[in-house]
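Visitor: Below: one structure in structure tokens.
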Amino acid sequence: MAWRLTGNAQEAEDLTQEVYLQLWSKRESLSDISDPKAYCSVLVRNLYLNQVRKHRVETTTMTTDPQVIDEIGPEHIVEQKQTCEQLMRLIGTLPELQRKVLTLHDVEGWSKEEVQQQTGLGATYIRVLLSRARKTIRQLFKN
């Protein structure tokens, strides 16, 4: 399955090793799984999707209009970078679950369903965690 997803033997081996690591870290709870084959298939797919998301390169189109370039001066770019760094530091101060859910959903752009599959949390709980995390970040950012 890993080879079919990646289309590359080396990447498939790496993905398989990641699956083994995940399974090893959850070895005590594996006996509770009713369908191990389906569990492993979902695990392979999710890890593959995570790798694809991490390596996705987003391209942006650049404008050559001098007026627009002047409006986006170096001061503005530095200010945006500092704001981004401050937000990432604030996200790092959140409780673990809030940080994980907020990072997956808002930073990495995952859907709530994907976050639910990855974390094993319920949809309502994810909504609550996102709401609390965003509220905390807003409050901390204002200060």
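Just remember, in the structure tokens the first chain shown is A, the second B, etc., residues are 1-based per chain, and ligands are 1-based in the order shown.
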May I have all residues of region 4-143 of chain A that DSSP, computed from the backbone, assigns to alpha helix (DSSP H), given as a ChimeraX atom specification?
Guide: /A:4-6,9-25,36-55,66-71,74-92,96-102,112-119,123-142
Visitor: Counting only C-alpha atoms, what is within 9 Å of Ala123 (chain A), bar same-chain residues fewer than 4 positions away, as a PDB file with N, CA and C atoms, in the first residue's frame?
Guide:
```pdb
ATOM      1  N   LYS A 112     -11.533  19.865   9.623  1.00  0.00           N
ATOM      2  CA  LYS A 112     -11.863  19.356  10.958  1.00  0.00           C
ATOM      3  C   LYS A 112     -11.972  17.836  10.947  1.00  0.00           C
ATOM      4  N   GLU A 113     -12.434  17.274   9.826  1.00  0.00           N
ATOM      5  CA  GLU A 113     -12.536  15.816   9.724  1.00  0.00           C
ATOM      6  C   GLU A 113     -11.151  15.173   9.745  1.00  0.00           C
ATOM      7  N   VAL A 115      -8.463  16.455  11.129  1.00  0.00           N
ATOM      8  CA  VAL A 115      -7.959  16.619  12.497  1.00  0.00           C
ATOM      9  C   VAL A 115      -8.586  15.557  13.389  1.00  0.00           C
ATOM     10  N   GLN A 116      -9.864  15.317  13.185  1.00  0.00           N
ATOM     11  CA  GLN A 116     -10.577  14.311  13.973  1.00  0.00           C
ATOM     12  C   GLN A 116      -9.965  12.928  13.742  1.00  0.00           C
ATOM     13  N   ARG A 127     -14.032  21.464  17.972  1.00  0.00           N
ATOM     14  CA  ARG A 127     -14.571  22.828  17.850  1.00  0.00           C
ATOM     15  C   ARG A 127     -14.333  23.619  19.127  1.00  0.00           C
ATOM     16  N   VAL A 128     -14.540  22.983  20.277  1.00  0.00           N
ATOM     17  CA  VAL A 128     -14.326  23.644  21.566  1.00  0.00           C
ATOM     18  C   VAL A 128     -12.851  24.005  21.738  1.00  0.00           C
TER      19      VAL A 128
END
```
Visitor: If you count only C-alpha atoms, which residues fall within 12 Å of Ala38 (chain A), apart from same-chain ones fewer than 6 positions away, as a ChimeraX atom specification?
Guide: /A:1,44-45
Visitor: For N, CA, C and O atoms, I'd like the residues from the last selection saved as an mmCIF file, in the first residue's frame.
Guide:
```cif
data_model
loop_
_atom_site.group_PDB
_atom_site.id
_atom_site.type_symbol
_atom_site.label_atom_id
_atom_site.label_comp_id
_atom_site.auth_asym_id
_atom_site.auth_seq_id
_atom_site.Cartn_x
_atom_site.Cartn_y
_atom_site.Cartn_z
ATOM 1 N N MET A 1 0.833 -1.191 0.000
ATOM 2 C CA MET A 1 0.000 0.000 0.000
ATOM 3 C C MET A 1 0.876 1.252 0.000
ATOM 4 O O MET A 1 0.587 2.212 -0.701
ATOM 5 N N VAL A 44 -1.200 4.086 7.445
ATOM 6 C CA VAL A 44 -0.330 4.326 6.285
ATOM 7 C C VAL A 44 -0.839 5.523 5.494
ATOM 8 O O VAL A 44 -0.074 6.422 5.134
ATOM 9 N N ARG A 45 -2.131 5.550 5.232
ATOM 10 C CA ARG A 45 -2.704 6.647 4.455
ATOM 11 C C ARG A 45 -2.514 7.985 5.154
ATOM 12 O O ARG A 45 -2.103 8.968 4.544
#
```
Visitor: What separation in Å, quoted to one decimal, exists between CA of Leu49 (chain A) and CA of Leu102 (chain A)?
Guide: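 Separation of CA of Leu49 (chain A) and CA of Leu102 (chain A): 18.0 Å.
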Visitor: Would you kindly return, as a VMD selection string, each protein, DNA or RNA residue with an atom no farther than 12 Å from any atom of Ile126 (chain A), considering only C-alpha atoms and excluding same-chain residues fewer than 6 positions away?
Guide: chain A and resid 97 to 105 111 to 120 132 to 133
Visitor: Could you work out how far CA of Leu5 (chain A) lies from CA of Ser41 (chain A), giving the answer in Å with one decimal?
Guide: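 Spanning CA of Ser41 (chain A) to CA of Leu5 (chain A) is a straight-line distance of 11.1 Å.
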Visitor: Find the spatial neighbours of Glu18 (chain A), counting only C-alpha atoms, within a cut-off of 12 Å - ignore same-chain residues fewer than 2 positions away - and output them as a compact mmCIF listing (two decimals) with C-alpha atoms, in the first residue's frame.
Guide:
```
# COMPACT_ATOMS: atom_id res chain seq x y z
CA ALA A 2 2.85 2.39 0.83
CA GLU A 11 9.76 6.51 0.03
CA ALA A 12 7.58 3.45 0.60
CA GLU A 13 10.25 1.96 2.87
CA ASP A 14 10.50 5.22 4.82
CA LEU A 15 6.73 5.37 5.17
CA THR A 16 6.64 1.76 6.34
CA TYR A 20 6.26 0.63 12.50
CA LEU A 21 7.33 3.45 14.82
CA GLN A 22 3.73 4.51 15.34
CA LEU A 23 2.66 0.93 15.99
CA TRP A 24 5.54 0.39 18.41
CA SER A 25 4.67 3.51 20.38
CA CYS A 40 -2.74 -0.19 9.57
CA LEU A 43 -2.31 4.68 9.53
CA VAL A 44 -0.33 4.33 6.28
CA ARG A 45 -2.70 6.65 4.46
CA ASN A 46 -2.67 9.29 7.19
CA LEU A 47 1.12 9.26 7.49
CA TYR A 48 1.43 9.55 3.72
CA ASN A 50 0.99 14.16 6.48
CA GLN A 51 4.21 13.80 4.50
```
Visitor: To one decimal place in Å, what is the distance between CA of Ile137 (chain A) and CA of Leu90 (chain A)?
Guide: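 For CA of Ile137 (chain A) relative to CA of Leu90 (chain A), the distance reads 6.4 Å.
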